[in-house]
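Chemist: Handing over start.txt, compact mmCIF, C-alpha atoms and all ligand atoms.
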```txt
# COMPACT_ATOMS: atom_id res chain seq x y z
CA MET A 14 0.00 0.00 0.00
CA THR A 15 1.29 3.45 -0.88
CA THR A 16 1.39 5.80 2.04
CA PHE A 17 2.30 9.45 2.06
CA SER A 18 3.45 11.66 4.86
CA ASP A 19 0.83 13.57 6.78
CA ARG A 20 2.82 16.71 6.04
CA VAL A 21 2.58 16.34 2.29
CA GLU A 22 -1.08 15.36 2.49
CA ARG A 23 -1.73 18.74 4.13
CA ILE A 24 -0.64 20.69 1.05
CA SER A 25 -1.83 20.69 -2.55
CA ILE A 26 -0.80 22.02 -5.94
CA SER A 27 -1.25 25.79 -6.03
CA GLY A 28 -4.72 26.94 -7.15
CA ILE A 29 -3.05 29.38 -9.54
CA ARG A 30 -2.02 26.62 -11.96
CA GLU A 31 -5.59 25.36 -12.14
CA VAL A 32 -6.73 28.80 -13.28
CA PHE A 33 -4.22 28.82 -16.14
CA GLU A 34 -5.29 25.42 -17.25
CA ALA A 35 -8.93 26.52 -17.35
CA ALA A 36 -8.12 29.36 -19.79
CA GLY A 37 -7.69 28.86 -23.54
CA ASP A 38 -4.40 29.33 -25.39
CA ASP A 39 -5.45 32.75 -26.71
CA ALA A 40 -6.30 34.13 -23.28
CA ILE A 41 -4.53 37.22 -21.96
CA ASN A 42 -2.80 35.95 -18.88
CA LEU A 43 -2.81 38.40 -15.97
CA GLY A 44 -2.24 35.50 -13.62
CA LEU A 45 1.50 34.99 -13.91
CA GLY A 46 3.82 36.23 -11.18
CA GLN A 47 6.83 36.50 -13.38
CA PRO A 48 8.48 39.46 -15.11
CA ASP A 49 8.05 39.69 -18.89
CA PHE A 50 11.47 41.30 -19.50
CA PRO A 51 14.60 39.49 -20.67
CA THR A 52 17.39 38.78 -18.19
CA PRO A 53 20.03 41.55 -18.50
CA GLU A 54 22.58 40.72 -21.19
CA HIS A 55 25.59 41.09 -18.92
CA ALA A 56 24.15 38.60 -16.42
CA GLY A 57 23.60 35.93 -19.07
CA ARG A 58 27.01 36.68 -20.56
CA ALA A 59 28.74 36.16 -17.18
CA ALA A 60 27.18 32.69 -16.93
CA ILE A 61 28.25 31.81 -20.48
CA ASP A 62 31.81 33.00 -19.80
CA ALA A 63 31.95 30.98 -16.57
CA ILE A 64 30.69 27.87 -18.38
CA GLU A 65 33.23 28.35 -21.20
CA ALA A 66 36.02 28.78 -18.68
CA GLY A 67 34.97 25.55 -16.96
CA ASP A 68 34.24 27.41 -13.70
CA THR A 69 30.81 25.87 -13.34
CA ASP A 70 31.64 22.19 -13.63
CA GLY A 71 31.79 21.39 -9.94
CA TYR A 72 29.92 22.20 -6.75
CA THR A 73 30.56 25.62 -5.32
CA GLY A 74 30.86 26.02 -1.55
CA ASN A 75 27.59 25.09 0.17
CA LYS A 76 26.81 28.71 0.92
CA GLY A 77 27.63 29.80 -2.63
CA THR A 78 30.67 31.46 -4.17
CA GLU A 79 32.52 34.01 -2.07
CA ALA A 80 32.16 36.55 -4.91
CA LEU A 81 28.35 36.19 -5.05
CA ARG A 82 27.99 36.47 -1.28
CA GLU A 83 30.22 39.55 -1.32
CA ALA A 84 27.99 41.07 -4.00
CA ILE A 85 24.93 40.33 -1.82
CA ALA A 86 26.66 41.87 1.23
CA GLU A 87 27.47 44.90 -0.92
CA LYS A 88 23.80 45.07 -1.95
CA HIS A 89 22.74 45.13 1.71
CA ALA A 90 25.19 48.00 2.32
CA ARG A 91 23.94 49.88 -0.76
CA ASP A 92 20.19 49.37 -0.28
CA GLN A 93 19.70 48.90 3.45
CA GLY A 94 22.80 50.61 4.82
CA VAL A 95 23.56 47.49 6.88
CA ASP A 96 26.88 45.78 7.21
CA VAL A 97 26.35 42.05 6.58
CA PRO A 98 29.35 39.70 6.58
CA PRO A 99 29.30 37.53 3.41
CA GLY A 100 29.41 34.54 5.79
CA ASP A 101 25.86 35.41 6.93
CA VAL A 102 24.41 34.74 3.48
CA ILE A 103 23.43 31.47 1.78
CA ALA A 104 22.77 31.42 -1.98
CA THR A 105 19.68 29.29 -2.62
CA ALA A 106 17.58 27.87 -5.45
CA GLY A 107 15.38 30.97 -5.68
CA GLY A 108 13.58 32.80 -2.92
CA SER A 109 11.44 29.67 -2.61
CA GLU A 110 14.27 27.58 -1.20
CA ALA A 111 15.30 30.43 1.09
CA LEU A 112 11.78 30.44 2.57
CA HIS A 113 11.92 26.67 2.95
CA LEU A 114 15.24 26.85 4.83
CA ALA A 115 13.88 29.53 7.15
CA MET A 116 10.89 27.35 8.07
CA GLU A 117 12.79 24.07 8.38
CA ALA A 118 15.44 25.59 10.61
CA HIS A 119 13.09 27.45 12.96
CA VAL A 120 9.71 25.74 13.17
CA ASP A 121 9.04 22.72 15.38
CA ALA A 122 6.08 20.37 15.01
CA GLY A 123 2.93 22.10 16.22
CA GLN A 124 4.51 25.55 16.43
CA GLU A 125 2.71 28.48 14.87
CA VAL A 126 3.82 30.71 12.02
CA LEU A 127 1.87 33.93 11.49
CA ILE A 128 1.39 34.60 7.79
CA PRO A 129 -0.27 37.46 5.93
CA ASP A 130 -3.70 36.54 4.56
CA PRO A 131 -4.06 37.07 1.67
CA GLY A 132 -0.38 36.23 1.18
CA PHE A 133 2.06 34.42 -1.08
CA VAL A 134 0.98 30.79 -1.36
CA ALA A 135 4.29 29.26 -0.23
CA TYR A 136 4.06 30.61 3.35
CA ASP A 137 1.16 28.34 4.25
CA ALA A 138 2.54 25.28 2.45
CA LEU A 139 6.11 25.58 3.73
CA THR A 140 4.88 26.05 7.30
CA LYS A 141 2.89 22.83 7.00
CA LEU A 142 5.82 20.97 5.44
CA ALA A 143 7.90 21.98 8.46
CA GLY A 144 5.18 20.46 10.65
CA GLY A 145 3.98 23.85 11.85
CA GLU A 146 0.57 25.50 11.99
CA PRO A 147 -0.01 28.53 9.79
CA VAL A 148 -1.98 31.27 11.54
CA PRO A 149 -3.53 33.66 9.03
CA VAL A 150 -3.13 37.34 9.88
CA PRO A 151 -5.78 39.47 8.15
CA LEU A 152 -4.55 42.60 6.40
CA ARG A 153 -5.81 46.12 6.99
CA GLU A 154 -8.65 47.43 4.84
CA ASP A 155 -5.98 48.99 2.56
CA LEU A 156 -4.33 45.54 2.22
CA THR A 157 -1.16 46.46 4.12
CA ILE A 158 0.23 44.15 6.82
CA ASP A 159 -0.86 45.32 10.26
CA PRO A 160 1.82 44.95 12.98
CA ALA A 161 -0.86 45.11 15.70
CA ALA A 162 -2.68 42.15 14.11
CA ILE A 163 0.60 40.21 14.21
CA GLU A 164 1.40 41.15 17.80
CA GLU A 165 -2.00 40.17 19.14
CA ARG A 166 -1.66 36.68 17.64
CA ILE A 167 1.74 35.92 19.19
CA THR A 168 1.60 33.14 21.77
CA ASP A 169 4.17 30.90 23.47
CA ASP A 170 3.76 28.60 20.47
CA THR A 171 4.75 31.21 17.88
CA ALA A 172 7.98 30.33 16.09
CA ALA A 173 7.94 33.06 13.46
CA PHE A 174 5.95 35.64 11.56
CA VAL A 175 6.28 36.42 7.88
CA VAL A 176 6.14 39.88 6.34
CA ASN A 177 6.30 40.70 2.64
CA SER A 178 6.73 44.19 1.26
CA PRO A 179 6.14 45.02 -1.54
CA GLY A 180 3.49 42.36 -1.24
CA ASN A 181 2.27 39.52 -3.37
CA PRO A 182 -0.71 39.37 -4.07
CA THR A 183 -1.56 42.90 -2.93
CA GLY A 184 1.11 45.19 -4.39
CA THR A 185 1.06 47.17 -1.14
CA VAL A 186 4.18 48.53 0.55
CA SER A 187 4.72 48.67 4.32
CA SER A 188 5.49 52.12 5.75
CA GLU A 189 8.70 52.76 7.63
CA ALA A 190 6.70 52.96 10.87
CA ASP A 191 5.21 49.50 10.25
CA VAL A 192 8.58 47.99 9.37
CA ARG A 193 10.05 49.41 12.58
CA GLU A 194 7.16 47.75 14.39
CA PHE A 195 7.92 44.37 12.75
CA ALA A 196 11.48 44.69 14.05
CA ARG A 197 10.33 45.70 17.54
CA ILE A 198 7.87 42.79 17.73
CA ALA A 199 10.60 40.32 16.69
CA ARG A 200 12.93 41.72 19.32
CA GLU A 201 10.52 42.15 22.23
CA HIS A 202 8.72 38.83 21.78
CA ASP A 203 11.92 37.06 20.77
CA VAL A 204 10.30 35.50 17.70
CA LEU A 205 11.73 35.26 14.23
CA CYS A 206 10.60 37.73 11.57
CA VAL A 207 10.98 36.30 8.07
CA SER A 208 11.05 39.27 5.72
CA ASP A 209 10.38 38.35 2.10
CA GLU A 210 11.78 41.18 0.00
CA VAL A 211 11.83 39.70 -3.50
CA TYR A 212 10.01 42.78 -4.90
CA GLU A 213 12.13 45.33 -3.03
CA HIS A 214 13.23 47.21 -6.16
CA PHE A 215 9.73 47.69 -7.49
CA VAL A 216 8.38 50.45 -5.29
CA PHE A 217 6.62 53.40 -6.97
CA ASP A 218 5.43 55.46 -4.02
CA GLY A 219 7.43 55.71 -0.82
CA GLU A 220 10.50 53.65 -0.12
CA HIS A 221 11.35 50.04 0.58
CA ARG A 222 12.40 49.45 4.17
CA SER A 223 13.64 46.22 5.69
CA PRO A 224 13.29 45.11 9.32
CA ILE A 225 16.97 44.09 9.16
CA GLU A 226 17.77 47.81 9.36
CA TYR A 227 16.34 47.90 12.88
CA GLU A 228 16.86 44.38 14.25
CA ARG A 229 19.56 41.88 13.36
CA ASP A 230 19.29 38.84 15.62
CA ASN A 231 15.64 37.96 15.02
CA VAL A 232 15.22 38.88 11.35
CA VAL A 233 16.04 36.77 8.33
CA VAL A 234 15.73 38.35 4.92
CA VAL A 235 14.67 36.32 1.90
CA ASN A 236 15.49 37.75 -1.50
CA ALA A 237 16.25 36.64 -5.05
CA ALA A 238 17.52 37.67 -8.44
CA SER A 239 14.21 36.35 -9.81
CA LYS A 240 12.06 39.49 -9.91
CA THR A 241 14.64 42.29 -9.64
CA TYR A 242 16.65 41.06 -12.62
CA SER A 243 13.94 39.14 -14.42
CA MET A 244 15.70 35.85 -13.70
CA THR A 245 12.94 33.54 -12.47
CA GLY A 246 14.20 30.70 -14.66
CA TRP A 247 17.72 30.87 -13.26
CA ARG A 248 16.55 29.83 -9.79
CA LEU A 249 18.81 31.99 -7.70
CA GLY A 250 17.91 33.55 -4.39
CA TRP A 251 19.47 34.01 -0.98
CA VAL A 252 18.80 34.23 2.70
CA THR A 253 20.57 36.62 5.06
CA GLY A 254 20.52 36.33 8.84
CA ALA A 255 22.45 36.09 12.08
CA SER A 256 25.32 33.57 12.06
CA ASP A 257 23.63 30.95 14.27
CA ARG A 258 20.48 31.04 12.11
CA ILE A 259 22.55 30.78 8.93
CA GLU A 260 24.42 27.81 10.37
CA ARG A 261 21.11 25.99 11.06
CA MET A 262 19.70 26.83 7.64
CA LEU A 263 22.96 25.64 6.06
CA ARG A 264 22.43 22.23 7.62
CA VAL A 265 19.18 21.91 5.66
CA HIS A 266 20.53 23.48 2.47
CA GLN A 267 23.55 21.20 2.49
CA TYR A 268 21.36 18.12 2.30
CA VAL A 269 18.52 19.30 0.07
CA GLN A 270 20.51 21.35 -2.40
CA ALA A 271 24.27 21.09 -1.75
CA CYS A 272 24.70 24.45 -3.47
CA ALA A 273 22.78 26.75 -5.77
CA SER A 274 23.34 26.24 -9.50
CA ALA A 275 26.85 27.46 -10.33
CA PRO A 276 26.02 29.19 -13.68
CA ALA A 277 23.14 31.00 -11.97
CA GLN A 278 25.48 32.17 -9.22
CA TYR A 279 27.81 33.75 -11.79
CA ALA A 280 24.87 35.40 -13.54
CA ALA A 281 23.43 36.77 -10.28
CA GLU A 282 26.81 38.09 -9.18
CA ALA A 283 27.08 40.02 -12.46
CA ALA A 284 23.49 41.28 -12.13
CA LEU A 285 24.06 42.49 -8.56
CA SER A 286 27.41 44.13 -9.17
CA GLY A 287 26.77 45.43 -12.69
CA PRO A 288 24.84 48.53 -13.84
CA GLN A 289 21.45 48.87 -12.12
CA GLY A 290 19.86 50.96 -14.89
CA VAL A 291 18.00 47.90 -16.18
CA VAL A 292 16.19 47.67 -12.86
CA ASP A 293 15.21 51.35 -13.06
CA GLU A 294 13.82 50.76 -16.54
CA MET A 295 11.73 47.82 -15.39
CA ARG A 296 10.47 49.77 -12.40
CA ALA A 297 9.46 52.66 -14.68
CA ALA A 298 7.60 50.24 -16.99
CA TYR A 299 5.78 48.61 -14.06
CA GLU A 300 4.83 52.02 -12.73
CA ARG A 301 3.29 53.04 -16.09
CA ARG A 302 1.35 49.79 -16.12
CA ARG A 303 0.29 50.26 -12.51
CA ASP A 304 -1.22 53.60 -13.53
CA LEU A 305 -2.99 51.96 -16.48
CA VAL A 306 -4.41 49.27 -14.21
CA VAL A 307 -5.56 51.70 -11.53
CA ASP A 308 -7.35 53.84 -14.16
CA GLY A 309 -8.80 50.78 -15.92
CA LEU A 310 -10.16 49.32 -12.69
CA ALA A 311 -11.67 52.66 -11.70
CA ASP A 312 -13.37 52.88 -15.13
CA ALA A 313 -14.71 49.35 -14.58
CA GLY A 314 -16.15 50.49 -11.25
CA LEU A 315 -13.88 48.10 -9.31
CA ASP A 316 -12.53 49.32 -6.01
CA CYS A 317 -8.79 48.73 -5.56
CA PRO A 318 -6.32 50.02 -2.97
CA THR A 319 -3.62 51.72 -5.06
CA PRO A 320 -0.73 49.30 -5.38
CA GLN A 321 2.56 51.00 -4.53
CA GLY A 322 4.92 48.24 -5.57
CA ALA A 323 5.61 44.78 -7.03
CA PHE A 324 3.52 44.15 -10.16
CA TYR A 325 0.16 43.19 -8.70
CA ALA A 326 -3.17 44.83 -8.02
CA MET A 327 -5.87 43.30 -5.87
CA PRO A 328 -9.29 44.83 -6.53
CA ARG A 329 -12.46 43.87 -4.71
CA VAL A 330 -14.60 42.02 -7.22
CA PRO A 331 -18.27 41.08 -7.40
CA GLU A 332 -19.27 37.43 -7.19
CA GLY A 333 -18.65 35.60 -10.46
CA LEU A 334 -16.28 38.15 -11.97
CA VAL A 335 -13.21 35.92 -12.03
CA ASP A 336 -15.07 33.16 -13.91
CA GLU A 337 -16.65 35.70 -16.26
CA CYS A 338 -13.18 37.14 -17.06
CA ILE A 339 -11.75 33.69 -17.71
CA GLU A 340 -14.76 32.89 -19.91
CA ARG A 341 -14.03 36.06 -21.91
CA GLY A 342 -10.32 35.20 -22.25
CA VAL A 343 -8.66 37.14 -19.43
CA VAL A 344 -6.97 35.15 -16.69
CA VAL A 345 -6.94 36.66 -13.21
CA VAL A 346 -6.47 34.72 -9.99
CA PRO A 347 -9.27 34.48 -7.42
CA GLY A 348 -8.25 36.07 -4.11
CA GLU A 349 -9.04 32.94 -2.12
CA ALA A 350 -6.03 31.22 -3.78
CA PHE A 351 -4.00 33.40 -1.37
CA GLY A 352 -5.92 32.64 1.81
CA GLU A 353 -9.44 32.79 3.21
CA HIS A 354 -9.32 36.56 3.65
CA GLY A 355 -8.56 36.95 -0.04
CA ALA A 356 -12.16 36.04 -0.86
CA GLY A 357 -14.02 38.81 -2.67
CA HIS A 358 -10.80 39.97 -4.35
CA ALA A 359 -8.87 39.00 -7.46
CA ARG A 360 -5.17 39.32 -8.17
CA ILE A 361 -4.11 40.98 -11.38
CA SER A 362 -0.48 40.69 -12.43
CA TYR A 363 0.65 43.47 -14.73
CA ALA A 364 3.89 41.77 -15.70
CA THR A 365 2.51 41.88 -19.22
CA GLY A 366 2.73 44.31 -22.18
CA GLU A 367 0.67 47.52 -22.18
CA ASP A 368 -1.40 46.61 -25.27
CA ASP A 369 -2.53 43.33 -23.73
CA LEU A 370 -3.14 45.08 -20.45
CA GLU A 371 -5.38 47.70 -22.06
CA GLU A 372 -7.37 45.07 -23.92
CA ALA A 373 -7.69 42.94 -20.78
CA LEU A 374 -8.93 45.91 -18.74
CA GLU A 375 -11.63 46.63 -21.33
CA ILE A 376 -12.73 42.99 -21.21
CA MET A 377 -12.75 43.12 -17.40
CA ALA A 378 -14.99 46.19 -17.50
CA GLU A 379 -17.44 44.35 -19.80
CA ALA A 380 -17.30 41.30 -17.55
CA ALA A 381 -17.98 43.46 -14.49
CA GLU A 382 -20.97 44.99 -16.26
CA ALA A 383 -22.26 41.50 -17.12
CA VAL A 384 -22.12 40.12 -13.57
CA ARG A 385 -23.58 43.17 -11.80
C1 LIG B 401 6.44 37.03 -2.40
C2 LIG B 401 7.25 36.02 -3.10
N1 LIG B 401 8.26 35.43 -2.45
C3 LIG B 401 9.03 34.50 -3.02
C4 LIG B 401 8.80 34.10 -4.31
C5 LIG B 401 9.66 33.01 -4.88
O1 LIG B 401 10.55 33.51 -5.80
P1 LIG B 401 11.59 32.58 -6.55
O2 LIG B 401 11.14 32.51 -7.97
O3 LIG B 401 12.89 33.35 -6.41
O4 LIG B 401 11.65 31.27 -5.89
C6 LIG B 401 7.76 34.68 -5.05
C7 LIG B 401 7.45 34.22 -6.42
O5 LIG B 401 6.42 34.49 -6.97
C8 LIG B 401 6.97 35.66 -4.43
O6 LIG B 401 5.96 36.25 -5.07
```
What does this structure look like when you write it as structure tokens?
Ligand SMILES: Cc1ncc(COP(=O)(O)O)c(C=O)c1O
Modeler:
Amino acid sequence: MTTFSDRVERISISGIREVFEAAGDDAINLGLGQPDFPTPEHAGRAAIDAIEAGDTDGYTGNKGTEALREAIAEKHARDQGVDVPPGDVIATAGGSEALHLAMEAHVDAGQEVLIPDPGFVAYDALTKLAGGEPVPVPLREDLTIDPAAIEERITDDTAAFVVNSPGNPTGTVSSEADVREFARIAREHDVLCVSDEVYEHFVFDGEHRSPIEYERDNVVVVNAASKTYSMTGWRLGWVTGASDRIERMLRVHQYVQACASAPAQYAAEAALSGPQGVVDEMRAAYERRRDLVVDGLADAGLDCPTPQGAFYAMPRVPEGLVDECIERGVVVVPGEAFGEHGAGHARISYATGEDDLEEALEIMAEAAEAVR
């Protein structure tokens, strides 16, 4: 008889895939959470050069190459103004593996992890895989993460809480005051704050702040080349944290991954230490699209907190709108795919060209008219 672990039986394939499969080939897909820009030339070139030189034939160190971790440390100095030793960084297979390491190293069976709801789908699943219990934390009315809602859910069983700014699926950005609160809560309650910052460079209004600026011991930062440099296919991320936390996460990483892909490490190093103008261009394009989406949703009579970052918008939608959109050839993801409090919303990804976006918004407006 085939038996499966209780842990794996508690999770399922993400609802997002099912939505794609339901849509026809000609559909405009506003469901994908991946950038539509090419990887910067110089990043790809660095990987090719490393392959041609034979530098990528073997394992790298478990934590990743020294040069990549120095580039990540340099990034922390540049963007957060914090001094991180390269030894406190592990290069991972995308932000996804970094999140997995954080959970595996810190969550015991039955312990609770507070996760934003609606929130990125992996937080719930990775908590369960670690044997923990996800505790959904509802967002504020404006879809930002509420530090008070986190603090009031902390118990003796809390192992960690997850924050994500700019947020998936909401596109909202936490204020400096809120981020300082995340850091204070981690410190005062002595619980781990996992800060997922994969969209940090796509902020249109305000500024990205990280709790690592205000608290070092109880914060681990998850990040990746995936979104910033349009490198989702390369599978390269990293986790930064205090030395003892890194050492525990390394134990897991060593056995599940050995090391991140060597060619991807060379590419990410070049992306991080090369010219950052490409990132500015992508941010400008996302901001133009954000404006298009906000206007289009307003014209369709759909209420949406203005997204300030990432490449998502999360309007409130009337019953039946998601299905009606899919029927009419526009794929959006139902809010409940991101947690029970996502119900009544839909996620729109605007990592897609402006012409498609304009057409999709017109179709959404017609669909909204039809279901009202
Ligand atoms: C909030 C968030 N964190 C982490 C990830 C994982 O990124 P990666 O592709 O680097 O594994 C994603 C991907 O969609 C995401 O949206």
Chemist: With distances taken over only C-alpha atoms and all ligand atoms, which of A:Arg82, A:Arg296, A:Arg248, A:His55 is nearest to ligand LIG 401 (chain B)?
Modeler: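 That would be A:Arg248, the residue with the smallest distance to ligand LIG 401 (chain B).
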Chemist: Measuring between all atoms listed in the file, which one of A:Ala284, A:Met377, A:Val306, A:Cys206 shows the shortest distance to Ala237 (chain A)?
Modeler: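 Of the candidates, the smallest distance to Ala237 (chain A) is held by A:Ala284.
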Chemist: At a cut-off of 12 Å, using only C-alpha atoms, what residues contact Gln267 (chain A)? Leave out same-chain residues fewer than 3 positions from it and give the result as a list of chain:residue names.
Modeler: A:Tyr72, A:Thr73, A:Gly74, A:Asn75, A:Lys76, A:Gly77, A:Ile103, A:Ala104, A:Thr105, A:Ala106, A:Glu110, A:Leu114, A:Ile259, A:Glu260, A:Arg261, A:Met262, A:Leu263, A:Arg264, A:Gln270, A:Ala271, A:Cys272, A:Ala273
Chemist: Take CA of Gly333 (chain A) and CA of Leu43 (chain A) and report the distance between them in Å, one decimal.
Modeler: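 Rounded to one decimal, the two atoms are 17.0 Å apart.
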Chemist: Nearest residue to ligand LIG 401 (chain B) out of A:Ala118, A:Ala373, A:Met244, A:Leu334, using all atoms listed in the file?
Modeler: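 Among the listed residues, A:Met244 lies closest to ligand LIG 401 (chain B).
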Chemist: Which residue, A:Ile198, A:Ala135, A:Ala35, A:Ala111, has the smallest gap to Ala161 (chain A) when you use only C-alpha atoms?
Modeler: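 The shortest atom-to-atom distance to Ala161 (chain A) comes from A:Ile198.
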Chemist: I'd like the neighbourhood of Glu282 (chain A) as a PyMOL selection string, where a residue qualifies if any of its atoms comes within 8 Å (using all atoms listed in the file), though same-chain residues fewer than 4 positions away should be ignored.
Modeler: chain A and resi 56+80-81+84-85+278+286
Chemist: Nearest residue to ligand LIG 401 (chain B) out of A:Phe133, A:Tyr325, A:Phe17, A:Tyr242, using only C-alpha atoms and all ligand atoms?
Modeler: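 Selected residue with least distance to ligand LIG 401 (chain B): A:Phe133.
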Chemist: Go through chain A and flag each residue having an atom no more than 6 Å from ligand LIG 401 (chain B); for those, report the closest pair of atoms plus their distance in Å to one decimal, using all atoms listed in the file, ordered by chain and rising number, as CSV.
Modeler:
```
residue,atom,partner,partner_atom,distance
A:Gly46,CA,B:LIG401,O5,5.2
A:Gly107,CA,B:LIG401,O3,3.5
A:Gly108,CA,B:LIG401,O3,3.6
A:Ser109,CA,B:LIG401,O4,3.7
A:Phe133,CA,B:LIG401,C1,5.3
A:Asn181,CA,B:LIG401,C1,5.0
A:Asp209,CA,B:LIG401,N1,5.8
A:Val211,CA,B:LIG401,N1,5.7
A:Ala237,CA,B:LIG401,O3,4.9
A:Ser239,CA,B:LIG401,O3,4.7
A:Thr245,CA,B:LIG401,O2,5.0
A:Gly250,CA,B:LIG401,O3,5.4
```
Chemist: Give me the residues near Val176 (chain A) as a list in words, where near means some atom within 7 Å (using all atoms listed in the file) and where sequence neighbours in that chain fewer than 4 positions away do not count.
Modeler: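 The neighbour list is Pro129, Val207, Ser208 and Asp209 of chain A.
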Chemist: Taking all atoms listed in the file into account, which of A:Asp308, A:Glu220, A:Asp169, A:Asp137 comes nearest Gln321 (chain A)?
Modeler: A:Glu220
Chemist: To one decimal in Å, tell me the separation between CA of Glu337 (chain A) and CA of Leu45 (chain A).
Modeler: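 Between CA of Glu337 (chain A) and CA of Leu45 (chain A) the gap works out to 18.3 Å.
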Chemist: Need to verify the contact set: Pro98 (chain A), 10 Å, all atoms listed in the file, exclusion of same-chain residues closer than 4 positions in sequence. Can you return it as a compact mmCIF listing (two decimals) with C-alpha atoms, in the coordinates of the input?
Modeler:
```
# COMPACT_ATOMS: atom_id res chain seq x y z
CA ARG A 82 27.99 36.47 -1.28
CA GLU A 83 30.22 39.55 -1.32
CA ILE A 85 24.93 40.33 -1.82
CA ALA A 86 26.66 41.87 1.23
CA GLU A 87 27.47 44.90 -0.92
CA HIS A 89 22.74 45.13 1.71
CA VAL A 102 24.41 34.74 3.48
CA THR A 253 20.57 36.62 5.06
CA GLY A 254 20.52 36.33 8.84
CA ALA A 255 22.45 36.09 12.08
CA SER A 256 25.32 33.57 12.06
```
Chemist: At a cut-off of 10 Å, using only C-alpha atoms, what residues contact Arg341 (chain A)? Leave out same-chain residues fewer than 2 positions from it and give the result as a short mmCIF file (atom, residue, chain, number, x, y, z; two decimals) with C-alpha atoms, keeping the file's coordinate frame.
Modeler:
```
data_model
loop_
_atom_site.label_atom_id
_atom_site.label_comp_id
_atom_site.auth_asym_id
_atom_site.auth_seq_id
_atom_site.Cartn_x
_atom_site.Cartn_y
_atom_site.Cartn_z
CA ALA A 36 -8.12 29.36 -19.79
CA GLY A 37 -7.69 28.86 -23.54
CA ALA A 40 -6.30 34.13 -23.28
CA ILE A 41 -4.53 37.22 -21.96
CA VAL A 335 -13.21 35.92 -12.03
CA ASP A 336 -15.07 33.16 -13.91
CA GLU A 337 -16.65 35.70 -16.26
CA CYS A 338 -13.18 37.14 -17.06
CA ILE A 339 -11.75 33.69 -17.71
CA VAL A 343 -8.66 37.14 -19.43
CA VAL A 344 -6.97 35.15 -16.69
CA ALA A 373 -7.69 42.94 -20.78
CA ILE A 376 -12.73 42.99 -21.21
CA MET A 377 -12.75 43.12 -17.40
CA GLU A 379 -17.44 44.35 -19.80
CA ALA A 380 -17.30 41.30 -17.55
#
```
Chemist: Separation of CA of Glu210 (chain A) and CA of Asp92 (chain A), in Å?
Modeler: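 Between CA of Glu210 (chain A) and CA of Asp92 (chain A) the gap is 11.7 Å.
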Chemist: The residues within 12 Å of (13.8, 32.0, -17.4), using all atoms listed in the file and the coordinates of the file, should be reported as a PyMOL selection string; which are they?
Modeler: chain A and resi 47-53+57+107+238-240+242-249+277
Chemist: Just add N, CA and C atoms to region 247-258 of chain A and send it as a PDB file, keeping the file's coordinate frame.
Modeler:
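After the write, out_23.pdb holds the following:
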```pdb
ATOM      1  N   TRP A 247      16.366  31.212 -13.698  1.00  0.00           N
ATOM      2  CA  TRP A 247      17.720  30.870 -13.260  1.00  0.00           C
ATOM      3  C   TRP A 247      17.728  30.198 -11.892  1.00  0.00           C
ATOM      4  N   ARG A 248      16.687  30.392 -11.133  1.00  0.00           N
ATOM      5  CA  ARG A 248      16.550  29.830  -9.790  1.00  0.00           C
ATOM      6  C   ARG A 248      17.705  30.252  -8.876  1.00  0.00           C
ATOM      7  N   LEU A 249      17.750  31.529  -8.588  1.00  0.00           N
ATOM      8  CA  LEU A 249      18.810  31.990  -7.700  1.00  0.00           C
ATOM      9  C   LEU A 249      18.253  33.013  -6.705  1.00  0.00           C
ATOM     10  N   GLY A 250      18.319  32.641  -5.447  1.00  0.00           N
ATOM     11  CA  GLY A 250      17.910  33.550  -4.390  1.00  0.00           C
ATOM     12  C   GLY A 250      18.928  33.508  -3.269  1.00  0.00           C
ATOM     13  N   TRP A 251      18.570  34.085  -2.127  1.00  0.00           N
ATOM     14  CA  TRP A 251      19.470  34.010  -0.980  1.00  0.00           C
ATOM     15  C   TRP A 251      18.713  34.323   0.305  1.00  0.00           C
ATOM     16  N   VAL A 252      19.346  33.905   1.393  1.00  0.00           N
ATOM     17  CA  VAL A 252      18.800  34.230   2.700  1.00  0.00           C
ATOM     18  C   VAL A 252      19.927  34.840   3.516  1.00  0.00           C
ATOM     19  N   THR A 253      19.593  35.897   4.242  1.00  0.00           N
ATOM     20  CA  THR A 253      20.570  36.620   5.060  1.00  0.00           C
ATOM     21  C   THR A 253      20.069  36.602   6.501  1.00  0.00           C
ATOM     22  N   GLY A 254      20.961  36.324   7.434  1.00  0.00           N
ATOM     23  CA  GLY A 254      20.520  36.330   8.840  1.00  0.00           C
ATOM     24  C   GLY A 254      21.701  36.230   9.774  1.00  0.00           C
ATOM     25  N   ALA A 255      21.396  36.193  11.068  1.00  0.00           N
ATOM     26  CA  ALA A 255      22.450  36.090  12.080  1.00  0.00           C
ATOM     27  C   ALA A 255      23.180  34.749  11.923  1.00  0.00           C
ATOM     28  N   SER A 256      24.453  34.725  12.324  1.00  0.00           N
ATOM     29  CA  SER A 256      25.320  33.570  12.060  1.00  0.00           C
ATOM     30  C   SER A 256      24.738  32.246  12.540  1.00  0.00           C
ATOM     31  N   ASP A 257      24.141  32.232  13.772  1.00  0.00           N
ATOM     32  CA  ASP A 257      23.630  30.950  14.270  1.00  0.00           C
ATOM     33  C   ASP A 257      22.427  30.486  13.436  1.00  0.00           C
ATOM     34  N   ARG A 258      21.620  31.417  12.968  1.00  0.00           N
ATOM     35  CA  ARG A 258      20.480  31.040  12.110  1.00  0.00           C
ATOM     36  C   ARG A 258      20.980  30.521  10.760  1.00  0.00           C
TER      37      ARG A 258
END
```
